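Enquirer: For reference, the file final34.cif (mmCIF, C-alpha atoms) is included below:
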data_model
loop_
_atom_site.group_PDB
_atom_site.id
_atom_site.type_symbol
_atom_site.label_atom_id
_atom_site.label_comp_id
_atom_site.auth_asym_id
_atom_site.auth_seq_id
_atom_site.Cartn_x
_atom_site.Cartn_y
_atom_site.Cartn_z
ATOM 1 C CA MET A 1 -15.123 -15.874 13.014
ATOM 2 C CA ARG A 2 -18.514 -14.922 11.586
ATOM 3 C CA ALA A 3 -19.135 -12.361 14.329
ATOM 4 C CA SER A 4 -15.864 -10.627 13.455
ATOM 5 C CA ARG A 5 -16.810 -10.654 9.766
ATOM 6 C CA LEU A 6 -20.219 -9.120 10.502
ATOM 7 C CA VAL A 7 -18.564 -6.308 12.454
ATOM 8 C CA THR A 8 -16.122 -5.719 9.604
ATOM 9 C CA LEU A 9 -18.966 -5.632 7.059
ATOM 10 C CA LEU A 10 -20.821 -3.096 9.171
ATOM 11 C CA LEU A 11 -17.721 -0.907 9.536
ATOM 12 C CA LEU A 12 -17.047 -1.075 5.792
ATOM 13 C CA LEU A 13 -20.528 0.272 5.057
ATOM 14 C CA GLN A 14 -20.151 2.927 7.739
ATOM 15 C CA ASN A 15 -16.798 4.136 6.396
ATOM 16 C CA ARG A 16 -17.354 3.852 2.657
ATOM 17 C CA GLY A 17 -21.072 4.322 2.176
ATOM 18 C CA ARG A 18 -22.705 2.293 -0.594
ATOM 19 C CA MET A 19 -20.938 -0.939 -1.552
ATOM 20 C CA THR A 20 -22.049 -3.746 -3.843
ATOM 21 C CA ALA A 21 -22.195 -7.362 -2.704
ATOM 22 C CA ARG A 22 -19.265 -8.155 -4.988
ATOM 23 C CA GLU A 23 -17.148 -5.339 -3.480
ATOM 24 C CA LEU A 24 -17.955 -6.538 0.032
ATOM 25 C CA ALA A 25 -17.116 -10.121 -0.940
ATOM 26 C CA GLN A 26 -13.708 -9.020 -2.237
ATOM 27 C CA GLU A 27 -12.941 -7.036 0.931
ATOM 28 C CA LEU A 28 -14.048 -9.859 3.226
ATOM 29 C CA GLU A 29 -12.535 -12.612 1.046
ATOM 30 C CA VAL A 30 -15.782 -14.602 0.986
ATOM 31 C CA SER A 31 -18.360 -15.507 -1.658
ATOM 32 C CA VAL A 32 -21.164 -13.177 -2.752
ATOM 33 C CA ARG A 33 -23.642 -15.712 -1.391
ATOM 34 C CA THR A 34 -21.996 -15.391 2.057
ATOM 35 C CA VAL A 35 -22.383 -11.604 1.870
ATOM 36 C CA TYR A 36 -26.105 -12.015 1.184
ATOM 37 C CA ARG A 37 -26.468 -14.212 4.292
ATOM 38 C CA ASP A 38 -24.428 -11.782 6.414
ATOM 39 C CA VAL A 39 -26.536 -8.803 5.303
ATOM 40 C CA GLU A 40 -29.714 -10.712 6.182
ATOM 41 C CA ALA A 41 -28.264 -11.500 9.632
ATOM 42 C CA LEU A 42 -27.457 -7.834 10.263
ATOM 43 C CA ALA A 43 -30.919 -6.745 9.166
ATOM 44 C CA ALA A 44 -32.504 -9.386 11.424
ATOM 45 C CA ALA A 45 -30.439 -7.995 14.315
ATOM 46 C CA GLY A 46 -31.993 -4.554 13.784
ATOM 47 C CA ILE A 47 -29.168 -2.832 11.861
ATOM 48 C CA PRO A 48 -30.826 -0.212 9.577
ATOM 49 C CA LEU A 49 -29.331 -1.131 6.214
ATOM 50 C CA TYR A 50 -30.998 -1.568 2.862
ATOM 51 C CA GLY A 51 -30.167 -2.670 -0.649
ATOM 52 C CA GLU A 52 -30.626 -0.773 -3.892
ATOM 53 C CA ALA A 53 -31.042 -2.622 -7.196
ATOM 54 C CA GLY A 54 -29.644 -1.646 -10.576
ATOM 55 C CA HIS A 55 -26.285 -0.584 -12.010
ATOM 56 C CA GLU A 56 -25.742 2.046 -9.308
ATOM 57 C CA GLY A 57 -27.151 -0.179 -6.570
ATOM 58 C CA GLY A 58 -25.608 -1.796 -3.547
ATOM 59 C CA TYR A 59 -25.956 -1.925 0.226
ATOM 60 C CA ARG A 60 -25.821 1.088 2.496
ATOM 61 C CA LEU A 61 -26.729 2.154 6.019
ATOM 62 C CA VAL A 62 -29.586 4.527 6.759
ATOM 63 C CA ASP A 63 -28.222 8.090 6.738
ATOM 64 C CA GLY A 64 -27.072 9.173 10.179
ATOM 65 C CA TYR A 65 -26.618 5.674 11.583
ATOM 66 C CA ARG A 66 -23.283 5.066 13.281
ATOM 67 C CA THR A 67 -22.265 2.035 15.277
ATOM 68 C CA ARG A 68 -20.581 2.459 18.626
ATOM 69 C CA LEU A 69 -18.896 -0.910 18.217
ATOM 70 C CA THR A 70 -15.391 0.535 17.701
ATOM 71 C CA GLY A 71 -13.424 -1.041 20.556
ATOM 72 C CA LEU A 72 -10.052 -2.515 19.566
ATOM 73 C CA THR A 73 -8.878 -5.988 20.496
ATOM 74 C CA ALA A 74 -5.363 -6.351 21.958
ATOM 75 C CA GLU A 75 -4.063 -7.720 18.644
ATOM 76 C CA GLU A 76 -5.640 -4.862 16.692
ATOM 77 C CA ALA A 77 -4.189 -2.283 19.082
ATOM 78 C CA GLN A 78 -0.712 -3.771 18.570
ATOM 79 C CA ALA A 79 -1.219 -3.615 14.811
ATOM 80 C CA ALA A 80 -2.448 -0.006 14.937
ATOM 81 C CA PHE A 81 0.973 1.129 16.168
ATOM 82 C CA LEU A 82 2.416 -0.345 12.943
ATOM 83 C CA ALA A 83 -0.008 1.524 10.680
ATOM 84 C CA ALA A 84 2.838 3.428 9.000
ATOM 85 C CA LEU A 85 4.415 0.099 8.009
ATOM 86 C CA PRO A 86 1.734 -2.172 6.513
ATOM 87 C CA GLY A 87 4.405 -4.505 5.134
ATOM 88 C CA THR A 88 5.887 -4.798 8.606
ATOM 89 C CA ALA A 89 2.513 -5.682 10.119
ATOM 90 C CA ALA A 90 2.067 -8.389 7.491
ATOM 91 C CA ASP A 91 5.557 -9.790 8.225
ATOM 92 C CA LEU A 92 4.607 -10.078 11.888
ATOM 93 C CA GLY A 93 1.351 -11.894 11.055
ATOM 94 C CA LEU A 94 -0.805 -8.847 11.875
ATOM 95 C CA GLY A 95 -1.900 -7.795 8.391
ATOM 96 C CA GLY A 96 -5.552 -8.741 8.896
ATOM 97 C CA ALA A 97 -5.665 -7.227 12.356
ATOM 98 C CA LEU A 98 -4.200 -3.975 11.006
ATOM 99 C CA ALA A 99 -6.902 -3.706 8.330
ATOM 100 C CA THR A 100 -9.652 -4.253 10.924
ATOM 101 C CA ALA A 101 -8.035 -1.814 13.367
ATOM 102 C CA GLN A 102 -7.874 0.898 10.732
ATOM 103 C CA LEU A 103 -11.543 0.371 9.902
ATOM 104 C CA LYS A 104 -12.465 0.743 13.578
ATOM 105 C CA LEU A 105 -10.306 3.840 14.004
ATOM 106 C CA ARG A 106 -11.800 5.474 10.927
ATOM 107 C CA ALA A 107 -15.314 4.620 12.116
ATOM 108 C CA ALA A 108 -14.647 6.358 15.430
ATOM 109 C CA LEU A 109 -13.500 9.598 13.751
ATOM 110 C CA PRO A 110 -15.708 12.508 12.669
ATOM 111 C CA ALA A 111 -16.224 12.739 8.894
ATOM 112 C CA GLU A 112 -13.663 15.513 8.339
ATOM 113 C CA LEU A 113 -10.982 13.620 10.259
ATOM 114 C CA ARG A 114 -11.757 10.398 8.361
ATOM 115 C CA GLU A 115 -11.123 12.284 5.122
ATOM 116 C CA HIS A 116 -7.846 13.645 6.540
ATOM 117 C CA ALA A 117 -6.710 10.142 7.572
ATOM 118 C CA GLY A 118 -7.488 8.883 4.071
ATOM 119 C CA ARG A 119 -5.410 11.680 2.514
ATOM 120 C CA ILE A 120 -2.444 10.773 4.744
ATOM 121 C CA GLN A 121 -2.517 7.161 3.575
ATOM 122 C CA GLU A 122 -2.783 8.286 -0.055
ATOM 123 C CA ARG A 123 0.124 10.729 0.105
ATOM 124 C CA PHE A 124 2.711 9.335 2.555
ATOM 125 C CA LEU A 125 4.500 5.994 2.523
ATOM 126 C CA LEU A 126 7.434 4.718 4.561
ATOM 127 C CA ASP A 127 9.638 2.232 2.678
ATOM 128 C CA ALA A 128 12.261 1.098 5.188
ATOM 129 C CA PRO A 129 14.766 -1.033 3.211
ATOM 130 C CA GLY A 130 17.694 0.595 1.389
ATOM 131 C CA TRP A 131 17.844 0.930 -2.401
ATOM 132 C CA TYR A 132 20.408 -1.739 -3.134
ATOM 133 C CA GLY A 133 19.626 -4.217 -0.399
ATOM 134 C CA ARG A 134 17.432 -7.223 -1.036
ATOM 135 C CA ALA A 135 14.867 -8.006 1.619
ATOM 136 C CA ASP A 136 16.099 -10.682 4.021
ATOM 137 C CA GLU A 137 14.302 -14.011 4.100
ATOM 138 C CA THR A 138 12.847 -14.249 7.607
ATOM 139 C CA PRO A 139 10.658 -17.382 7.701
ATOM 140 C CA HIS A 140 10.727 -17.466 11.517
ATOM 141 C CA LEU A 141 9.813 -13.800 12.074
ATOM 142 C CA ALA A 142 6.148 -14.427 12.913
ATOM 143 C CA ALA A 143 7.110 -17.130 15.426
ATOM 144 C CA VAL A 144 9.705 -14.845 17.019
ATOM 145 C CA ALA A 145 7.128 -12.043 17.231
ATOM 146 C CA ALA A 146 4.610 -14.406 18.840
ATOM 147 C CA ALA A 147 7.169 -15.322 21.500
ATOM 148 C CA VAL A 148 7.875 -11.621 22.132
ATOM 149 C CA TRP A 149 4.159 -10.861 22.559
ATOM 150 C CA ALA A 150 3.526 -13.889 24.798
ATOM 151 C CA ARG A 151 6.754 -13.520 26.827
ATOM 152 C CA ARG A 152 7.612 -17.179 26.235
ATOM 153 C CA ALA A 153 11.114 -18.597 26.017
ATOM 154 C CA VAL A 154 12.338 -20.283 22.829
ATOM 155 C CA VAL A 155 15.236 -22.431 21.684
ATOM 156 C CA LEU A 156 17.051 -20.953 18.699
ATOM 157 C CA ARG A 157 19.291 -22.765 16.275
ATOM 158 C CA TYR A 158 21.296 -19.864 14.934
ATOM 159 C CA ARG A 159 23.914 -19.229 12.249
ATOM 160 C CA ARG A 160 26.752 -16.855 13.121
ATOM 161 C CA TRP A 161 30.015 -15.711 11.522
ATOM 162 C CA ARG A 162 32.556 -17.213 13.934
ATOM 163 C CA ALA A 163 33.174 -20.837 14.902
ATOM 164 C CA PRO A 164 31.150 -22.751 15.740
ATOM 165 C CA GLU A 165 29.012 -21.341 12.922
ATOM 166 C CA GLU A 166 25.799 -22.992 14.157
ATOM 167 C CA ILE A 167 24.743 -22.793 17.795
ATOM 168 C CA GLU A 168 21.639 -23.780 19.754
ATOM 169 C CA ARG A 169 20.622 -21.572 22.628
ATOM 170 C CA ARG A 170 17.649 -21.044 24.936
ATOM 171 C CA VAL A 171 16.731 -17.361 24.961
ATOM 172 C CA GLU A 172 14.025 -15.106 26.351
ATOM 173 C CA PRO A 173 12.786 -12.737 23.584
ATOM 174 C CA TYR A 174 12.548 -9.195 24.971
ATOM 175 C CA GLY A 175 11.798 -7.309 21.754
ATOM 176 C CA LEU A 176 12.216 -6.874 17.998
ATOM 177 C CA VAL A 177 13.961 -4.028 16.173
ATOM 178 C CA LEU A 178 13.654 -3.190 12.471
ATOM 179 C CA LYS A 179 16.831 -1.440 11.301
ATOM 180 C CA ALA A 180 17.281 -0.484 7.615
ATOM 181 C CA GLY A 181 14.940 -3.259 6.481
ATOM 182 C CA ARG A 182 16.578 -5.940 8.656
ATOM 183 C CA TRP A 183 14.994 -7.522 11.750
ATOM 184 C CA TYR A 184 16.933 -8.019 14.982
ATOM 185 C CA LEU A 185 15.842 -9.932 18.083
ATOM 186 C CA VAL A 186 16.938 -8.621 21.481
ATOM 187 C CA ALA A 187 16.861 -11.510 23.938
ATOM 188 C CA GLY A 188 18.181 -12.580 27.308
ATOM 189 C CA GLY A 189 20.238 -15.743 27.579
ATOM 190 C CA PRO A 190 22.999 -17.489 29.502
ATOM 191 C CA SER A 191 25.478 -14.723 28.608
ATOM 192 C CA GLY A 192 23.163 -11.795 29.294
ATOM 193 C CA THR A 193 21.250 -9.688 26.793
ATOM 194 C CA ARG A 194 22.296 -10.291 23.190
ATOM 195 C CA THR A 195 21.182 -9.235 19.695
ATOM 196 C CA TYR A 196 20.373 -11.805 16.996
ATOM 197 C CA ARG A 197 19.645 -11.281 13.299
ATOM 198 C CA VAL A 198 16.284 -12.908 12.625
ATOM 199 C CA ASP A 199 17.271 -13.905 9.083
ATOM 200 C CA GLN A 200 20.057 -16.054 10.602
ATOM 201 C CA VAL A 201 17.621 -18.128 12.682
ATOM 202 C CA ILE A 202 17.681 -21.645 11.209
ATOM 203 C CA GLU A 203 15.117 -23.206 13.519
ATOM 204 C CA LEU A 204 12.931 -22.014 16.386
ATOM 205 C CA ARG A 205 11.309 -24.205 19.046
ATOM 206 C CA PRO A 206 8.789 -22.530 21.391
ATOM 207 C CA LEU A 207 8.958 -23.514 25.052
ATOM 208 C CA PRO A 208 6.007 -23.605 27.462
ATOM 209 C CA GLU A 209 7.625 -21.539 30.223
ATOM 210 C CA GLU A 210 6.956 -17.819 30.509
ATOM 211 C CA PHE A 211 9.541 -15.254 31.598
ATOM 212 C CA SER A 212 9.626 -11.718 32.957
ATOM 213 C CA VAL A 213 11.695 -8.962 31.377
ATOM 214 C CA PRO A 214 14.294 -7.660 33.873
ATOM 215 C CA GLU A 215 13.076 -4.659 35.822
ATOM 216 C CA GLY A 216 14.250 -1.424 34.246
ATOM 217 C CA PHE A 217 14.952 -2.925 30.823
ATOM 218 C CA ASP A 218 14.161 -0.399 28.084
ATOM 219 C CA LEU A 219 14.310 -1.600 24.469
ATOM 220 C CA PRO A 220 15.072 1.795 22.795
ATOM 221 C CA ALA A 221 17.773 2.562 25.383
ATOM 222 C CA TYR A 222 19.335 -0.883 24.947
ATOM 223 C CA TRP A 223 19.351 -0.503 21.156
ATOM 224 C CA GLN A 224 21.026 2.909 21.276
ATOM 225 C CA ALA A 225 23.711 1.535 23.601
ATOM 226 C CA HIS A 226 24.145 -1.470 21.301
ATOM 227 C CA LEU A 227 24.651 0.796 18.283
ATOM 228 C CA ALA A 228 27.157 2.967 20.155
ATOM 229 C CA ASP A 229 29.139 -0.101 21.226
ATOM 230 C CA PHE A 230 29.028 -1.511 17.690
ATOM 231 C CA ARG A 231 30.378 1.720 16.214
ATOM 232 C CA ALA A 232 33.098 1.928 18.866
ATOM 233 C CA ARG A 233 34.269 -1.619 18.071
ATOM 234 C CA LEU A 234 33.942 -1.023 14.348
ATOM 235 C CA HIS A 235 36.067 2.126 14.102
ATOM 236 C CA THR A 236 39.218 1.244 15.998
ATOM 237 C CA GLY A 237 41.639 3.110 13.718
ATOM 238 C CA GLU A 238 42.136 6.645 12.511
ATOM 239 C CA ALA A 239 43.290 8.353 9.317
ATOM 240 C CA LEU A 240 44.623 11.851 8.701
ATOM 241 C CA VAL A 241 43.207 13.249 5.462
ATOM 242 C CA ARG A 242 42.966 16.451 3.402
ATOM 243 C CA LEU A 243 39.591 17.208 1.837
ATOM 244 C CA THR A 244 38.222 19.593 -0.761
ATOM 245 C CA PRO A 245 34.995 21.401 0.225
ATOM 246 C CA GLU A 246 33.041 18.727 -1.680
ATOM 247 C CA GLY A 247 35.012 15.941 0.010
ATOM 248 C CA ALA A 248 34.337 17.453 3.435
ATOM 249 C CA ARG A 249 30.635 17.658 2.647
ATOM 250 C CA ARG A 250 30.437 14.047 1.478
ATOM 251 C CA LEU A 251 32.414 12.762 4.466
ATOM 252 C CA GLY A 252 30.446 14.859 6.964
ATOM 253 C CA VAL A 253 33.456 16.886 8.114
ATOM 254 C CA PRO A 254 33.063 20.616 8.939
ATOM 255 C CA PRO A 255 34.718 22.464 6.014
ATOM 256 C CA GLY A 256 37.572 24.903 6.538
ATOM 257 C CA GLU A 257 37.665 28.395 5.193
ATOM 258 C CA GLY A 258 38.429 28.473 1.463
ATOM 259 C CA GLY A 259 40.244 25.460 0.094
ATOM 260 C CA TRP A 260 41.354 22.203 1.635
ATOM 261 C CA THR A 261 40.407 20.954 5.112
ATOM 262 C CA GLN A 262 42.609 18.659 7.202
ATOM 263 C CA ALA A 263 40.832 16.230 9.524
ATOM 264 C CA ARG A 264 41.226 12.990 11.447
ATOM 265 C CA VAL A 265 38.471 10.479 10.691
ATOM 266 C CA PRO A 266 37.763 7.025 12.196
ATOM 267 C CA ILE A 267 38.316 3.900 10.092
ATOM 268 C CA GLU A 268 37.683 0.246 10.786
ATOM 269 C CA SER A 269 40.850 -0.984 9.054
ATOM 270 C CA VAL A 270 43.160 -0.250 6.122
ATOM 271 C CA ASP A 271 40.859 -2.291 3.889
ATOM 272 C CA HIS A 272 37.827 -0.318 5.080
ATOM 273 C CA GLY A 273 39.551 3.059 4.620
ATOM 274 C CA HIS A 274 40.797 2.051 1.172
ATOM 275 C CA GLY A 275 37.287 1.301 -0.061
ATOM 276 C CA GLU A 276 35.641 4.289 1.609
ATOM 277 C CA PHE A 277 38.191 6.904 0.524
ATOM 278 C CA LEU A 278 38.485 5.748 -3.095
ATOM 279 C CA ARG A 279 34.828 6.648 -3.519
ATOM 280 C CA LEU A 280 35.749 10.296 -2.953
ATOM 281 C CA GLY A 281 38.132 10.310 -5.909
ATOM 282 C CA ALA A 282 40.183 13.516 -6.223
ATOM 283 C CA ASP A 283 38.310 15.181 -3.346
ATOM 284 C CA ILE A 284 40.518 13.476 -0.722
ATOM 285 C CA GLU A 285 44.232 12.954 -0.022
ATOM 286 C CA VAL A 286 45.249 10.448 2.650
ATOM 287 C CA LEU A 287 48.241 11.610 4.696
ATOM 288 C CA GLU A 288 48.322 8.915 7.419
ATOM 289 C CA PRO A 289 48.678 6.024 8.047
ATOM 290 C CA ALA A 290 51.454 5.417 5.522
ATOM 291 C CA GLU A 291 50.168 1.908 4.718
ATOM 292 C CA LEU A 292 46.782 3.265 3.680
ATOM 293 C CA ARG A 293 48.333 6.097 1.644
ATOM 294 C CA GLU A 294 50.578 3.626 -0.209
ATOM 295 C CA ARG A 295 47.648 1.248 -0.775
ATOM 296 C CA ILE A 296 45.533 3.973 -2.369
ATOM 297 C CA ALA A 297 48.482 5.259 -4.416
ATOM 298 C CA GLY A 298 49.044 1.736 -5.785
ATOM 299 C CA THR A 299 45.396 1.453 -6.761
ATOM 300 C CA VAL A 300 45.482 4.840 -8.495
ATOM 301 C CA ARG A 301 48.624 3.850 -10.453
ATOM 302 C CA ALA A 302 46.989 0.578 -11.537
ATOM 303 C CA LEU A 303 43.878 2.473 -12.679
ATOM 304 C CA ALA A 304 45.985 4.989 -14.593
ATOM 305 C CA VAL A 305 47.762 2.160 -16.426
ATOM 306 C CA ARG A 306 44.497 0.388 -17.182
ATOM 307 C CA TYR A 307 42.676 3.429 -18.500
ATOM 308 C CA GLY A 308 45.803 4.698 -20.275
ATOM 309 C CA SER A 309 46.061 1.387 -22.130
ATOM 310 C CA ALA A 310 42.395 1.617 -23.075
ATOM 311 C CA ASP A 311 42.934 5.074 -24.574
ATOM 312 C CA SER A 312 46.020 4.004 -26.555
ATOM 313 C CA GLY A 313 44.170 1.003 -27.972
ATOM 314 C CA ARG A 314 41.432 3.046 -29.623
#
Output the file's structure in the form of structure tokens.

Expert:
Amino acid sequence: MRASRLVTLLLLLQNRGRMTARELAQELEVSVRTVYRDVEALAAAGIPLYGEAGHEGGYRLVDGYRTRLTGLTAEEAQAAFLAALPGTAADLGLGGALATAQLKLRAALPAELREHAGRIQERFLLDAPGWYGRADETPHLAAVAAAVWARRAVVLRYRRWRAPEEIERRVEPYGLVLKAGRWYLVAGGPSGTRTYRVDQVIELRPLPEEFSVPEGFDLPAYWQAHLADFRARLHTGEALVRLTPEGARRLGVPPGEGGWTQARVPIESVDHGHGEFLRLGADIEVLEPAELRERIAGTVRALAVRYGSADSGR
């Protein structure tokens, strides 16, 4: 633990130049007294650093000194691939490893590239969740991630939408996917490879046995196939509609030449089409199926009555 902290202290001075004992203590999450002892240990080991007293004082390395101690641990290398998503690394229990990995990477770069890397972090941020969605509570995410890294089987107690609503199942965690701010576990089990929402995991029990991922399994390829299958099962119906140019743009339909465009679009159900098409207002007319057309017409009549009554009551 102390050895890792000494390395981090050294890399902080190398990357940032002069730092006070208080600043180092805050970065390392230790007391100022501990920083004093760590600095003495580094000096005793032959590291050319010195302290400057006064308001502008602090510790710094002798100009030109650079450590070659920039090798990444396995955990830090994993975290480095999540550098664009610091919140994600923290969710997976790799927040500290990510910070150390970034220090080591910056220390290994020439000065001009270190400045460029700093500008990227200052100017670009990826915020994965959607605007109106609350972040899912995923108390078992770190444990799931640990099982994925270690290739160890687990027993999940899981909540699902069909009966029985709670199931217990032994699975082999192949990988994790973050989609629109929501975590999904891809795992092998008695019924083959399945996808589980991590926020629906009620309880997780690690097992001692290790497993091997089936030969040829590819997580990105599996996920793309899963999405295609999901969309195919989701949109089992079809509607014939007429669209204004604005309606075609909003629905993602190629517009016709001047005026209305007629198109067939997939729908999940009458209920789904009713909600989706009402959002387009006067930019869409539903022609088929008749049930959907009548449903929307009924809603429009009810709205006309409601808003007409509001006008007459003023």

Enquirer: Using the chain letters and numbers from the file, which residues does the PyMOL selection byres ((chain A and resi 145) around 10) grab, as a list of chain:residue names?

Expert: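 Given this file, the PyMOL selection byres ((chain A and resi 145) around 10) evaluates to A:Asp91, A:Leu92, A:Gly93, A:His140, A:Leu141, A:Ala142, A:Ala143, A:Val144, A:Ala146, A:Ala147, A:Val148, A:Trp149, A:Ala150, A:Arg151, A:Pro173, A:Tyr174, A:Gly175, A:Leu176, A:Leu185.
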
Enquirer: Residues as selected, C-alpha atoms, written as a JSON list (two decimals), keeping the file's coordinate frame, can you do that?

Expert:
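File produced: out.json:
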[["chain", "number", "residue", "atom", "x", "y", "z"],
["A", 91, "ASP", "CA", 5.56, -9.79, 8.22],
["A", 92, "LEU", "CA", 4.61, -10.08, 11.89],
["A", 93, "GLY", "CA", 1.35, -11.89, 11.06],
["A", 140, "HIS", "CA", 10.73, -17.47, 11.52],
["A", 141, "LEU", "CA", 9.81, -13.80, 12.07],
["A", 142, "ALA", "CA", 6.15, -14.43, 12.91],
["A", 143, "ALA", "CA", 7.11, -17.13, 15.43],
["A", 144, "VAL", "CA", 9.70, -14.84, 17.02],
["A", 146, "ALA", "CA", 4.61, -14.41, 18.84],
["A", 147, "ALA", "CA", 7.17, -15.32, 21.50],
["A", 148, "VAL", "CA", 7.88, -11.62, 22.13],
["A", 149, "TRP", "CA", 4.16, -10.86, 22.56],
["A", 150, "ALA", "CA", 3.53, -13.89, 24.80],
["A", 151, "ARG", "CA", 6.75, -13.52, 26.83],
["A", 173, "PRO", "CA", 12.79, -12.74, 23.58],
["A", 174, "TYR", "CA", 12.55, -9.20, 24.97],
["A", 175, "GLY", "CA", 11.80, -7.31, 21.75],
["A", 176, "LEU", "CA", 12.22, -6.87, 18.00],
["A", 185, "LEU", "CA", 15.84, -9.93, 18.08]]

Enquirer: Residues at most 12 Å from A:Ile267, counting only C-alpha atoms, excluding those fewer than 6 positions away in the same chain, as a list in words?

Expert: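 The neighbour list is Arg231, Ala232, Arg233, Leu234, His235, Thr236, Gly237, Glu238, Ala239, Leu240, Val241, Gly273, His274, Gly275, Glu276, Phe277, Glu288, Pro289 and Leu292 of chain A.
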
Enquirer: Would you please work out which residue, of A:Val286, A:Ala153, A:Leu28, A:Leu49, is nearest to A:Ser212 when using only C-alpha atoms?

Expert: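 For A:Ser212, the nearest of the given residues is A:Ala153.
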
Enquirer: I'd like to see the residues matched by the PyMOL selection byres ((chain A and resi 155-162) around 10) on this file, and ideally I'd get them as an mmCIF file with C-alpha atoms, in the coordinates of the input.

Expert:
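As written to disk, result10.cif reads:
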data_model
loop_
_atom_site.group_PDB
_atom_site.id
_atom_site.type_symbol
_atom_site.label_atom_id
_atom_site.label_comp_id
_atom_site.auth_asym_id
_atom_site.auth_seq_id
_atom_site.Cartn_x
_atom_site.Cartn_y
_atom_site.Cartn_z
ATOM 1 C CA VAL A 144 9.705 -14.845 17.019
ATOM 2 C CA ALA A 153 11.114 -18.597 26.017
ATOM 3 C CA VAL A 154 12.338 -20.283 22.829
ATOM 4 C CA ALA A 163 33.174 -20.837 14.902
ATOM 5 C CA PRO A 164 31.150 -22.751 15.740
ATOM 6 C CA GLU A 165 29.012 -21.341 12.922
ATOM 7 C CA GLU A 166 25.799 -22.992 14.157
ATOM 8 C CA ILE A 167 24.743 -22.793 17.795
ATOM 9 C CA GLU A 168 21.639 -23.780 19.754
ATOM 10 C CA ARG A 169 20.622 -21.572 22.628
ATOM 11 C CA ARG A 170 17.649 -21.044 24.936
ATOM 12 C CA VAL A 171 16.731 -17.361 24.961
ATOM 13 C CA GLU A 172 14.025 -15.106 26.351
ATOM 14 C CA TYR A 196 20.373 -11.805 16.996
ATOM 15 C CA ARG A 197 19.645 -11.281 13.299
ATOM 16 C CA VAL A 198 16.284 -12.908 12.625
ATOM 17 C CA ASP A 199 17.271 -13.905 9.083
ATOM 18 C CA GLN A 200 20.057 -16.054 10.602
ATOM 19 C CA VAL A 201 17.621 -18.128 12.682
ATOM 20 C CA ILE A 202 17.681 -21.645 11.209
ATOM 21 C CA GLU A 203 15.117 -23.206 13.519
ATOM 22 C CA LEU A 204 12.931 -22.014 16.386
ATOM 23 C CA ARG A 205 11.309 -24.205 19.046
ATOM 24 C CA PRO A 206 8.789 -22.530 21.391
ATOM 25 C CA LEU A 207 8.958 -23.514 25.052
#

Enquirer: Which is closer to A:Val7 than all the others in A:Ala41, A:Ser31, A:Gly58, A:Arg279, using only C-alpha atoms?

Expert: A:Ala41

Enquirer: Of the candidates A:Val32, A:Leu24, A:Leu178, A:Ala302, which one gets nearest to A:Tyr59 if we count only C-alpha atoms?

Expert: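 Between A:Val32, A:Leu24, A:Leu178, A:Ala302, the residue approaching A:Tyr59 most closely is A:Leu24.
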
Enquirer: Build an axis-aligned box that encloses every atom of stretch 293-303 of chain A listed in the file, pad it by 8 Å on each side, and report its centre and edge lengths in Å to one decimal, as JSON.

Expert:
{"center_x": 47.2, "center_y": 3.3, "center_z": -5.5, "size_x": 22.7, "size_y": 21.5, "size_z": 30.3}

Enquirer: With distances taken over only C-alpha atoms, which residue among A:Trp260, A:Ser191, A:Lys179, A:Pro254 lies nearest A:Leu227?

Expert: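 Looking at the shortest contact to A:Leu227, the residue is A:Lys179.
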
Enquirer: Can you measure atom CA of A:Thr20 to atom CA of A:Ala44 for me? One decimal in Å is fine.

Expert: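 Straight-line distance from atom CA of A:Thr20 to atom CA of A:Ala44 works out to 19.3 Å.
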
Enquirer: Rounded to one decimal place, report the atom CA of A:Gln224-atom CA of A:Thr138 distance in Å.

Expert: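 Separation of atom CA of A:Gln224 and atom CA of A:Thr138: 23.4 Å.
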